[in-house]
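Trainee: For reference, the file protein_31.cif (mmCIF, N, CA and C atoms) is included below:
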data_run
#
loop_
_atom_site.label_atom_id
_atom_site.label_comp_id
_atom_site.auth_asym_id
_atom_site.auth_seq_id
_atom_site.Cartn_x
_atom_site.Cartn_y
_atom_site.Cartn_z
N MET A 596 -19.00 -9.75 5.89
CA MET A 596 -18.16 -10.86 6.24
C MET A 596 -17.93 -11.73 4.99
N ALA A 597 -16.70 -12.18 4.82
CA ALA A 597 -16.35 -12.99 3.66
C ALA A 597 -16.94 -14.39 3.78
N LYS A 598 -17.46 -14.88 2.67
CA LYS A 598 -17.99 -16.24 2.60
C LYS A 598 -17.13 -17.11 1.67
N ALA A 599 -16.20 -16.45 0.95
CA ALA A 599 -15.28 -17.16 0.07
C ALA A 599 -13.99 -16.34 -0.03
N TYR A 600 -12.89 -17.03 -0.24
CA TYR A 600 -11.60 -16.37 -0.38
C TYR A 600 -10.89 -16.84 -1.63
N LEU A 601 -10.27 -15.91 -2.30
CA LEU A 601 -9.38 -16.19 -3.40
C LEU A 601 -7.97 -15.91 -2.89
N GLU A 602 -7.13 -16.93 -2.91
CA GLU A 602 -5.77 -16.80 -2.40
C GLU A 602 -4.80 -16.91 -3.56
N ILE A 603 -3.93 -15.92 -3.69
CA ILE A 603 -2.89 -15.94 -4.72
C ILE A 603 -1.55 -15.96 -3.99
N THR A 604 -0.77 -17.02 -4.22
CA THR A 604 0.52 -17.17 -3.58
C THR A 604 1.61 -17.00 -4.63
N MET A 605 2.56 -16.10 -4.34
CA MET A 605 3.62 -15.79 -5.30
C MET A 605 4.99 -15.85 -4.64
N LYS A 606 5.94 -16.37 -5.36
CA LYS A 606 7.33 -16.34 -4.91
C LYS A 606 7.94 -15.06 -5.47
N ILE A 607 8.18 -14.11 -4.57
CA ILE A 607 8.75 -12.82 -4.94
C ILE A 607 9.98 -12.62 -4.07
N PRO A 608 11.14 -12.35 -4.66
CA PRO A 608 12.35 -12.14 -3.86
C PRO A 608 12.16 -10.99 -2.87
N LYS A 609 12.80 -11.10 -1.73
CA LYS A 609 12.66 -10.06 -0.70
C LYS A 609 13.03 -8.68 -1.23
N SER A 610 14.00 -8.61 -2.13
CA SER A 610 14.43 -7.32 -2.67
C SER A 610 13.34 -6.66 -3.52
N LYS A 611 12.39 -7.43 -4.05
CA LYS A 611 11.33 -6.89 -4.90
C LYS A 611 9.99 -6.75 -4.18
N ARG A 612 9.96 -7.12 -2.91
CA ARG A 612 8.68 -7.07 -2.19
C ARG A 612 8.14 -5.66 -1.98
N PRO A 613 8.99 -4.64 -1.79
CA PRO A 613 8.42 -3.29 -1.71
C PRO A 613 7.68 -2.90 -2.99
N GLN A 614 8.19 -3.32 -4.15
CA GLN A 614 7.50 -3.05 -5.41
C GLN A 614 6.18 -3.81 -5.47
N ALA A 615 6.17 -5.06 -5.00
CA ALA A 615 4.95 -5.85 -4.99
C ALA A 615 3.91 -5.23 -4.06
N ALA A 616 4.36 -4.73 -2.92
CA ALA A 616 3.44 -4.07 -1.98
C ALA A 616 2.83 -2.83 -2.61
N LYS A 617 3.61 -2.10 -3.41
CA LYS A 617 3.08 -0.92 -4.09
C LYS A 617 1.97 -1.31 -5.05
N VAL A 618 2.18 -2.39 -5.83
CA VAL A 618 1.13 -2.86 -6.75
C VAL A 618 -0.12 -3.23 -5.96
N TYR A 619 0.07 -3.94 -4.85
CA TYR A 619 -1.05 -4.33 -4.00
C TYR A 619 -1.84 -3.10 -3.55
N PHE A 620 -1.15 -2.10 -2.99
CA PHE A 620 -1.83 -0.92 -2.48
C PHE A 620 -2.42 -0.07 -3.61
N ASP A 621 -1.80 -0.07 -4.79
CA ASP A 621 -2.35 0.67 -5.92
C ASP A 621 -3.72 0.13 -6.34
N TYR A 622 -3.93 -1.18 -6.23
CA TYR A 622 -5.17 -1.78 -6.69
C TYR A 622 -6.15 -2.14 -5.58
N ARG A 623 -5.75 -2.05 -4.33
CA ARG A 623 -6.62 -2.46 -3.22
C ARG A 623 -7.94 -1.69 -3.21
N GLY A 624 -7.87 -0.37 -3.22
CA GLY A 624 -9.08 0.45 -3.17
C GLY A 624 -9.98 0.23 -4.37
N THR A 625 -9.39 0.17 -5.55
CA THR A 625 -10.17 -0.06 -6.76
C THR A 625 -10.85 -1.42 -6.71
N PHE A 626 -10.13 -2.44 -6.23
CA PHE A 626 -10.71 -3.77 -6.09
C PHE A 626 -11.95 -3.72 -5.19
N LEU A 627 -11.81 -3.11 -4.02
CA LEU A 627 -12.91 -3.07 -3.06
C LEU A 627 -14.09 -2.25 -3.56
N GLU A 628 -13.81 -1.23 -4.37
CA GLU A 628 -14.88 -0.36 -4.87
C GLU A 628 -15.56 -0.89 -6.12
N GLN A 629 -14.81 -1.57 -6.99
CA GLN A 629 -15.34 -1.89 -8.31
C GLN A 629 -15.66 -3.35 -8.56
N ILE A 630 -15.09 -4.26 -7.80
CA ILE A 630 -15.32 -5.68 -8.07
C ILE A 630 -16.55 -6.15 -7.29
N GLU A 631 -17.50 -6.69 -8.01
CA GLU A 631 -18.75 -7.13 -7.40
C GLU A 631 -18.49 -8.20 -6.34
N GLY A 632 -19.05 -7.99 -5.16
CA GLY A 632 -18.95 -8.95 -4.08
C GLY A 632 -17.67 -8.88 -3.26
N ALA A 633 -16.75 -7.98 -3.60
CA ALA A 633 -15.49 -7.87 -2.85
C ALA A 633 -15.75 -7.28 -1.47
N VAL A 634 -15.19 -7.92 -0.42
CA VAL A 634 -15.38 -7.42 0.94
C VAL A 634 -14.06 -7.17 1.67
N SER A 635 -12.96 -7.74 1.19
CA SER A 635 -11.67 -7.51 1.85
C SER A 635 -10.54 -7.89 0.91
N LYS A 636 -9.35 -7.37 1.22
CA LYS A 636 -8.14 -7.72 0.47
C LYS A 636 -6.97 -7.50 1.41
N ASP A 637 -6.19 -8.55 1.64
CA ASP A 637 -5.07 -8.48 2.57
C ASP A 637 -3.80 -9.01 1.92
N LEU A 638 -2.68 -8.39 2.28
CA LEU A 638 -1.36 -8.81 1.83
C LEU A 638 -0.69 -9.54 2.98
N LEU A 639 -0.32 -10.79 2.75
CA LEU A 639 0.34 -11.61 3.76
C LEU A 639 1.77 -11.88 3.29
N VAL A 640 2.75 -11.45 4.07
CA VAL A 640 4.15 -11.61 3.71
C VAL A 640 4.77 -12.66 4.62
N ARG A 641 5.29 -13.71 3.99
CA ARG A 641 5.95 -14.77 4.73
C ARG A 641 7.40 -14.87 4.25
N ASP A 642 8.23 -15.61 4.98
CA ASP A 642 9.62 -15.76 4.57
C ASP A 642 9.76 -16.35 3.18
N LYS A 643 8.93 -17.35 2.87
CA LYS A 643 9.10 -18.05 1.60
C LYS A 643 8.27 -17.52 0.45
N ASP A 644 7.23 -16.73 0.73
CA ASP A 644 6.39 -16.21 -0.34
C ASP A 644 5.53 -15.05 0.13
N VAL A 645 4.72 -14.56 -0.78
CA VAL A 645 3.78 -13.48 -0.52
C VAL A 645 2.41 -13.98 -0.96
N GLN A 646 1.38 -13.69 -0.15
CA GLN A 646 0.02 -14.09 -0.51
C GLN A 646 -0.88 -12.85 -0.50
N VAL A 647 -1.78 -12.83 -1.45
CA VAL A 647 -2.85 -11.84 -1.45
C VAL A 647 -4.13 -12.62 -1.23
N LEU A 648 -4.85 -12.24 -0.19
CA LEU A 648 -6.08 -12.92 0.19
C LEU A 648 -7.25 -11.97 -0.08
N HIS A 649 -8.08 -12.36 -1.05
CA HIS A 649 -9.24 -11.56 -1.45
C HIS A 649 -10.49 -12.18 -0.83
N GLY A 650 -11.27 -11.39 -0.10
CA GLY A 650 -12.51 -11.87 0.48
C GLY A 650 -13.71 -11.47 -0.36
N PHE A 651 -14.64 -12.40 -0.52
CA PHE A 651 -15.85 -12.15 -1.32
C PHE A 651 -17.09 -12.57 -0.56
N ASP A 652 -18.22 -12.03 -0.97
CA ASP A 652 -19.49 -12.36 -0.33
C ASP A 652 -20.06 -13.69 -0.81
N SER A 653 -19.48 -14.27 -1.88
CA SER A 653 -19.96 -15.55 -2.39
C SER A 653 -18.87 -16.23 -3.22
N MET A 654 -18.99 -17.53 -3.37
CA MET A 654 -18.07 -18.30 -4.20
C MET A 654 -18.19 -17.86 -5.66
N GLU A 655 -19.39 -17.53 -6.11
CA GLU A 655 -19.61 -17.10 -7.48
C GLU A 655 -18.84 -15.83 -7.80
N HIS A 656 -18.84 -14.87 -6.88
CA HIS A 656 -18.11 -13.63 -7.11
C HIS A 656 -16.60 -13.86 -7.09
N ALA A 657 -16.13 -14.75 -6.24
CA ALA A 657 -14.70 -15.07 -6.21
C ALA A 657 -14.26 -15.66 -7.54
N LYS A 658 -15.05 -16.58 -8.07
CA LYS A 658 -14.72 -17.20 -9.36
C LYS A 658 -14.81 -16.19 -10.50
N ALA A 659 -15.79 -15.30 -10.44
CA ALA A 659 -15.97 -14.31 -11.50
C ALA A 659 -14.79 -13.34 -11.56
N TYR A 660 -14.20 -13.03 -10.43
CA TYR A 660 -13.06 -12.11 -10.41
C TYR A 660 -11.90 -12.63 -11.25
N LEU A 661 -11.72 -13.94 -11.32
CA LEU A 661 -10.62 -14.53 -12.09
C LEU A 661 -10.71 -14.20 -13.59
N SER A 662 -11.89 -13.88 -14.08
CA SER A 662 -12.03 -13.52 -15.49
C SER A 662 -12.23 -12.02 -15.70
N SER A 663 -12.09 -11.24 -14.64
CA SER A 663 -12.27 -9.79 -14.76
C SER A 663 -11.06 -9.13 -15.43
N GLU A 664 -11.29 -7.98 -16.00
CA GLU A 664 -10.21 -7.21 -16.63
C GLU A 664 -9.16 -6.81 -15.60
N MET A 665 -9.59 -6.43 -14.40
CA MET A 665 -8.64 -6.03 -13.37
C MET A 665 -7.69 -7.18 -13.03
N PHE A 666 -8.22 -8.36 -12.89
CA PHE A 666 -7.38 -9.51 -12.55
C PHE A 666 -6.41 -9.83 -13.68
N LYS A 667 -6.91 -9.91 -14.90
CA LYS A 667 -6.09 -10.33 -16.04
C LYS A 667 -5.11 -9.26 -16.50
N ASN A 668 -5.53 -8.02 -16.54
CA ASN A 668 -4.71 -6.99 -17.19
C ASN A 668 -3.99 -6.05 -16.24
N ASP A 669 -4.47 -5.90 -15.03
CA ASP A 669 -3.85 -4.94 -14.13
C ASP A 669 -2.99 -5.63 -13.08
N LEU A 670 -3.61 -6.44 -12.26
CA LEU A 670 -2.91 -7.06 -11.15
C LEU A 670 -1.82 -8.02 -11.63
N PHE A 671 -2.16 -8.96 -12.48
CA PHE A 671 -1.17 -9.94 -12.91
C PHE A 671 -0.09 -9.30 -13.78
N THR A 672 -0.47 -8.33 -14.58
CA THR A 672 0.52 -7.63 -15.41
C THR A 672 1.49 -6.86 -14.53
N GLY A 673 0.98 -6.19 -13.51
CA GLY A 673 1.82 -5.40 -12.62
C GLY A 673 2.78 -6.24 -11.80
N LEU A 674 2.36 -7.46 -11.46
CA LEU A 674 3.20 -8.33 -10.62
C LEU A 674 4.09 -9.27 -11.42
N SER A 675 3.81 -9.48 -12.69
CA SER A 675 4.55 -10.49 -13.46
C SER A 675 6.05 -10.27 -13.50
N PRO A 676 6.58 -9.05 -13.62
CA PRO A 676 8.04 -8.91 -13.64
C PRO A 676 8.69 -9.15 -12.27
N LEU A 677 7.90 -9.21 -11.22
CA LEU A 677 8.44 -9.39 -9.87
C LEU A 677 8.45 -10.84 -9.43
N ARG A 678 7.66 -11.68 -10.06
CA ARG A 678 7.52 -13.08 -9.65
C ARG A 678 8.65 -13.95 -10.18
N GLU A 679 9.01 -14.97 -9.39
CA GLU A 679 10.02 -15.93 -9.82
C GLU A 679 9.41 -17.08 -10.61
N GLN A 680 8.11 -17.32 -10.44
CA GLN A 680 7.41 -18.39 -11.14
C GLN A 680 5.93 -18.05 -11.18
N ASP A 681 5.17 -18.85 -11.89
CA ASP A 681 3.73 -18.63 -11.96
C ASP A 681 3.12 -18.74 -10.56
N PRO A 682 2.14 -17.91 -10.26
CA PRO A 682 1.51 -17.96 -8.94
C PRO A 682 0.58 -19.16 -8.78
N GLU A 683 0.32 -19.51 -7.54
CA GLU A 683 -0.71 -20.50 -7.21
C GLU A 683 -1.98 -19.72 -6.92
N VAL A 684 -3.08 -20.15 -7.50
CA VAL A 684 -4.37 -19.50 -7.29
C VAL A 684 -5.34 -20.54 -6.75
N ARG A 685 -5.93 -20.24 -5.61
CA ARG A 685 -6.89 -21.15 -4.98
C ARG A 685 -8.11 -20.37 -4.50
N ILE A 686 -9.25 -21.05 -4.52
CA ILE A 686 -10.48 -20.46 -4.00
C ILE A 686 -10.99 -21.37 -2.89
N PHE A 687 -11.37 -20.73 -1.78
CA PHE A 687 -11.88 -21.46 -0.62
C PHE A 687 -13.24 -20.92 -0.24
N GLU A 688 -14.11 -21.79 0.19
CA GLU A 688 -15.41 -21.38 0.71
C GLU A 688 -15.37 -21.47 2.23
N VAL A 689 -15.94 -20.50 2.90
CA VAL A 689 -15.97 -20.47 4.35
C VAL A 689 -17.01 -21.47 4.85
N ALA A 690 -16.61 -22.30 5.79
CA ALA A 690 -17.54 -23.27 6.37
C ALA A 690 -18.46 -22.55 7.34
N VAL A 691 -19.73 -22.89 7.29
CA VAL A 691 -20.70 -22.28 8.20
C VAL A 691 -21.30 -23.30 9.13
#
Output the file's structure as structure tokens, nothing else.

Mentor:
Amino acid sequence: MAKAYLEITMKIPKSKRPQAAKVYFDYRGTFLEQIEGAVSKDLLVRDKDVQVLHGFDSMEHAKAYLSSEMFKNDLFTGLSPLREQDPEVRIFEVAV
């Protein structure tokens, strides 16, 4: 069960969302297998934007992912040509 979430919100035009979904699915399995503390990853598509919600077992692991090679070089690089502006990145801790 996730104890912390990393939420990335991006403005991606509807015409480019299939490409964004491909990037998401290309990295989903690797994220879950290789990133320490990763427990879930979901793609949320709304009319105004797209969100990727990453679940972690701790706040420390959520924060650590932001400096990982996968985050900096793979995911953001793959999505950068599809975004209309810089993404919003937020980390939330689950209340117990």

Trainee: Per residue of segment 618-645 of chain A within 8 Å of segment 659-682 of chain A, which atom pair is closest and at what distance in Å (one decimal), using only C-alpha atoms, listed by chain and increasing number, as CSV?

Mentor:
residue,atom,partner,partner_atom,distance
A:Val618,CA,A:Gly673,CA,6.4
A:Tyr619,CA,A:Leu670,CA,7.9
A:Tyr622,CA,A:Leu670,CA,7.3
A:Phe626,CA,A:Met665,CA,7.9
A:Ile630,CA,A:Tyr660,CA,7.2

Trainee: Of the candidates A:Lys617, A:His656, A:Lys606, A:Lys598, which one gets nearest to Phe687 of chain A if we count only N, CA and C atoms?

Mentor: A:Lys598

Trainee: Which value, in Å to one decimal, gives the distance between atom N of Ser653 of chain A and atom C of Val640 of chain A?

Mentor: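 About the pair atom N of Ser653 of chain A and atom C of Val640 of chain A: they are 25.2 Å apart.
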
Trainee: Can you work out which one of A:Lys609, A:Arg623, A:Arg685, A:Lys658 has the shortest atom-to-atom distance to Asp642 of chain A, counting all atoms listed in the file?

Mentor: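 Of the candidates, the smallest distance to Asp642 of chain A is held by A:Lys609.
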
Trainee: Residues picked by the PyMOL selection byres ((chain A and resi 644) around 7) here, as a VMD selection string?

Mentor: chain A and resid 604 to 607 639 to 643 645 to 646

Trainee: List every residue of chain A that DSSP, applied to the backbone, labels as strand (DSSP E), and write the result as a compact mmCIF listing (two decimals) with N, CA and C atoms, in the coordinates of the input.

Mentor:
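Once everything was written out, this is selection-v6.txt:
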# COMPACT_ATOMS: atom_id res chain seq x y z
N ALA A 599 -16.20 -16.45 0.95
CA ALA A 599 -15.28 -17.16 0.07
C ALA A 599 -13.99 -16.34 -0.03
N TYR A 600 -12.89 -17.03 -0.24
CA TYR A 600 -11.60 -16.37 -0.38
C TYR A 600 -10.89 -16.84 -1.63
N LEU A 601 -10.27 -15.91 -2.30
CA LEU A 601 -9.38 -16.19 -3.40
C LEU A 601 -7.97 -15.91 -2.89
N GLU A 602 -7.13 -16.93 -2.91
CA GLU A 602 -5.77 -16.80 -2.40
C GLU A 602 -4.80 -16.91 -3.56
N ILE A 603 -3.93 -15.92 -3.69
CA ILE A 603 -2.89 -15.94 -4.72
C ILE A 603 -1.55 -15.96 -3.99
N THR A 604 -0.77 -17.02 -4.22
CA THR A 604 0.52 -17.17 -3.58
C THR A 604 1.61 -17.00 -4.63
N MET A 605 2.56 -16.10 -4.34
CA MET A 605 3.62 -15.79 -5.30
C MET A 605 4.99 -15.85 -4.64
N ALA A 633 -16.75 -7.98 -3.60
CA ALA A 633 -15.49 -7.87 -2.85
C ALA A 633 -15.75 -7.28 -1.47
N VAL A 634 -15.19 -7.92 -0.42
CA VAL A 634 -15.38 -7.42 0.94
C VAL A 634 -14.06 -7.17 1.67
N SER A 635 -12.96 -7.74 1.19
CA SER A 635 -11.67 -7.51 1.85
C SER A 635 -10.54 -7.89 0.91
N LYS A 636 -9.35 -7.37 1.22
CA LYS A 636 -8.14 -7.72 0.47
C LYS A 636 -6.97 -7.50 1.41
N ASP A 637 -6.19 -8.55 1.64
CA ASP A 637 -5.07 -8.48 2.57
C ASP A 637 -3.80 -9.01 1.92
N LEU A 638 -2.68 -8.39 2.28
CA LEU A 638 -1.36 -8.81 1.83
C LEU A 638 -0.69 -9.54 2.98
N LEU A 639 -0.32 -10.79 2.75
CA LEU A 639 0.34 -11.61 3.76
C LEU A 639 1.77 -11.88 3.29
N VAL A 640 2.75 -11.45 4.07
CA VAL A 640 4.15 -11.61 3.71
C VAL A 640 4.77 -12.66 4.62
N VAL A 645 4.72 -14.56 -0.78
CA VAL A 645 3.78 -13.48 -0.52
C VAL A 645 2.41 -13.98 -0.96
N GLN A 646 1.38 -13.69 -0.15
CA GLN A 646 0.02 -14.09 -0.51
C GLN A 646 -0.88 -12.85 -0.50
N VAL A 647 -1.78 -12.83 -1.45
CA VAL A 647 -2.85 -11.84 -1.45
C VAL A 647 -4.13 -12.62 -1.23
N LEU A 648 -4.85 -12.24 -0.19
CA LEU A 648 -6.08 -12.92 0.19
C LEU A 648 -7.25 -11.97 -0.08
N HIS A 649 -8.08 -12.36 -1.05
CA HIS A 649 -9.24 -11.56 -1.45
C HIS A 649 -10.49 -12.18 -0.83
N GLY A 650 -11.27 -11.39 -0.10
CA GLY A 650 -12.51 -11.87 0.48
C GLY A 650 -13.71 -11.47 -0.36
N PHE A 651 -14.64 -12.40 -0.52
CA PHE A 651 -15.85 -12.15 -1.32
C PHE A 651 -17.09 -12.57 -0.56
N GLU A 683 0.32 -19.51 -7.54
CA GLU A 683 -0.71 -20.50 -7.21
C GLU A 683 -1.98 -19.72 -6.92
N VAL A 684 -3.08 -20.15 -7.50
CA VAL A 684 -4.37 -19.50 -7.29
C VAL A 684 -5.34 -20.54 -6.75
N ARG A 685 -5.93 -20.24 -5.61
CA ARG A 685 -6.89 -21.15 -4.98
C ARG A 685 -8.11 -20.37 -4.50
N ILE A 686 -9.25 -21.05 -4.52
CA ILE A 686 -10.48 -20.46 -4.00
C ILE A 686 -10.99 -21.37 -2.89
N PHE A 687 -11.37 -20.73 -1.78
CA PHE A 687 -11.88 -21.46 -0.62
C PHE A 687 -13.24 -20.92 -0.24
N GLU A 688 -14.11 -21.79 0.19
CA GLU A 688 -15.41 -21.38 0.71
C GLU A 688 -15.37 -21.47 2.23

Trainee: What would segment 615-636 of chain A look like with N, CA, C and O atoms in place, written as an mmCIF file, keeping the file's coordinate frame?

Mentor:
data_model
loop_
_atom_site.group_PDB
_atom_site.id
_atom_site.type_symbol
_atom_site.label_atom_id
_atom_site.label_comp_id
_atom_site.auth_asym_id
_atom_site.auth_seq_id
_atom_site.Cartn_x
_atom_site.Cartn_y
_atom_site.Cartn_z
ATOM 1 N N ALA A 615 6.170 -5.060 -5.000
ATOM 2 C CA ALA A 615 4.950 -5.850 -4.990
ATOM 3 C C ALA A 615 3.910 -5.230 -4.060
ATOM 4 O O ALA A 615 2.721 -5.187 -4.371
ATOM 5 N N ALA A 616 4.360 -4.730 -2.920
ATOM 6 C CA ALA A 616 3.440 -4.070 -1.980
ATOM 7 C C ALA A 616 2.830 -2.830 -2.610
ATOM 8 O O ALA A 616 1.648 -2.547 -2.417
ATOM 9 N N LYS A 617 3.610 -2.100 -3.410
ATOM 10 C CA LYS A 617 3.080 -0.920 -4.090
ATOM 11 C C LYS A 617 1.970 -1.310 -5.050
ATOM 12 O O LYS A 617 0.913 -0.670 -5.093
ATOM 13 N N VAL A 618 2.180 -2.390 -5.830
ATOM 14 C CA VAL A 618 1.130 -2.860 -6.750
ATOM 15 C C VAL A 618 -0.120 -3.230 -5.960
ATOM 16 O O VAL A 618 -1.240 -2.863 -6.316
ATOM 17 N N TYR A 619 0.070 -3.940 -4.850
ATOM 18 C CA TYR A 619 -1.050 -4.330 -4.000
ATOM 19 C C TYR A 619 -1.840 -3.100 -3.550
ATOM 20 O O TYR A 619 -3.055 -3.032 -3.714
ATOM 21 N N PHE A 620 -1.150 -2.100 -2.990
ATOM 22 C CA PHE A 620 -1.830 -0.920 -2.480
ATOM 23 C C PHE A 620 -2.420 -0.070 -3.610
ATOM 24 O O PHE A 620 -3.459 0.568 -3.423
ATOM 25 N N ASP A 621 -1.800 -0.070 -4.790
ATOM 26 C CA ASP A 621 -2.350 0.670 -5.920
ATOM 27 C C ASP A 621 -3.720 0.130 -6.340
ATOM 28 O O ASP A 621 -4.571 0.894 -6.774
ATOM 29 N N TYR A 622 -3.930 -1.180 -6.230
ATOM 30 C CA TYR A 622 -5.170 -1.780 -6.690
ATOM 31 C C TYR A 622 -6.150 -2.140 -5.580
ATOM 32 O O TYR A 622 -7.295 -2.483 -5.859
ATOM 33 N N ARG A 623 -5.750 -2.050 -4.330
ATOM 34 C CA ARG A 623 -6.620 -2.460 -3.220
ATOM 35 C C ARG A 623 -7.940 -1.690 -3.210
ATOM 36 O O ARG A 623 -9.020 -2.276 -3.165
ATOM 37 N N GLY A 624 -7.870 -0.370 -3.220
ATOM 38 C CA GLY A 624 -9.080 0.450 -3.170
ATOM 39 C C GLY A 624 -9.980 0.230 -4.370
ATOM 40 O O GLY A 624 -11.208 0.089 -4.222
ATOM 41 N N THR A 625 -9.390 0.170 -5.550
ATOM 42 C CA THR A 625 -10.170 -0.060 -6.760
ATOM 43 C C THR A 625 -10.850 -1.420 -6.710
ATOM 44 O O THR A 625 -12.019 -1.559 -7.087
ATOM 45 N N PHE A 626 -10.130 -2.440 -6.230
ATOM 46 C CA PHE A 626 -10.710 -3.770 -6.090
ATOM 47 C C PHE A 626 -11.950 -3.720 -5.190
ATOM 48 O O PHE A 626 -13.016 -4.216 -5.546
ATOM 49 N N LEU A 627 -11.810 -3.110 -4.020
ATOM 50 C CA LEU A 627 -12.910 -3.070 -3.060
ATOM 51 C C LEU A 627 -14.090 -2.250 -3.560
ATOM 52 O O LEU A 627 -15.241 -2.540 -3.246
ATOM 53 N N GLU A 628 -13.810 -1.230 -4.370
ATOM 54 C CA GLU A 628 -14.880 -0.360 -4.870
ATOM 55 C C GLU A 628 -15.560 -0.890 -6.120
ATOM 56 O O GLU A 628 -16.758 -0.685 -6.303
ATOM 57 N N GLN A 629 -14.810 -1.570 -6.990
ATOM 58 C CA GLN A 629 -15.340 -1.890 -8.310
ATOM 59 C C GLN A 629 -15.660 -3.350 -8.560
ATOM 60 O O GLN A 629 -16.429 -3.660 -9.468
ATOM 61 N N ILE A 630 -15.090 -4.260 -7.800
ATOM 62 C CA ILE A 630 -15.320 -5.680 -8.070
ATOM 63 C C ILE A 630 -16.550 -6.150 -7.290
ATOM 64 O O ILE A 630 -16.619 -6.010 -6.061
ATOM 65 N N GLU A 631 -17.500 -6.690 -8.010
ATOM 66 C CA GLU A 631 -18.750 -7.130 -7.400
ATOM 67 C C GLU A 631 -18.490 -8.200 -6.340
ATOM 68 O O GLU A 631 -17.778 -9.176 -6.580
ATOM 69 N N GLY A 632 -19.050 -7.990 -5.160
ATOM 70 C CA GLY A 632 -18.950 -8.950 -4.080
ATOM 71 C C GLY A 632 -17.670 -8.880 -3.260
ATOM 72 O O GLY A 632 -17.516 -9.631 -2.297
ATOM 73 N N ALA A 633 -16.750 -7.980 -3.600
ATOM 74 C CA ALA A 633 -15.490 -7.870 -2.850
ATOM 75 C C ALA A 633 -15.750 -7.280 -1.470
ATOM 76 O O ALA A 633 -16.435 -6.267 -1.341
ATOM 77 N N VAL A 634 -15.190 -7.920 -0.420
ATOM 78 C CA VAL A 634 -15.380 -7.420 0.940
ATOM 79 C C VAL A 634 -14.060 -7.170 1.670
ATOM 80 O O VAL A 634 -14.046 -6.455 2.664
ATOM 81 N N SER A 635 -12.960 -7.740 1.190
ATOM 82 C CA SER A 635 -11.670 -7.510 1.850
ATOM 83 C C SER A 635 -10.540 -7.890 0.910
ATOM 84 O O SER A 635 -10.734 -8.608 -0.075
ATOM 85 N N LYS A 636 -9.350 -7.370 1.220
ATOM 86 C CA LYS A 636 -8.140 -7.720 0.470
ATOM 87 C C LYS A 636 -6.970 -7.500 1.410
ATOM 88 O O LYS A 636 -6.794 -6.401 1.943
#
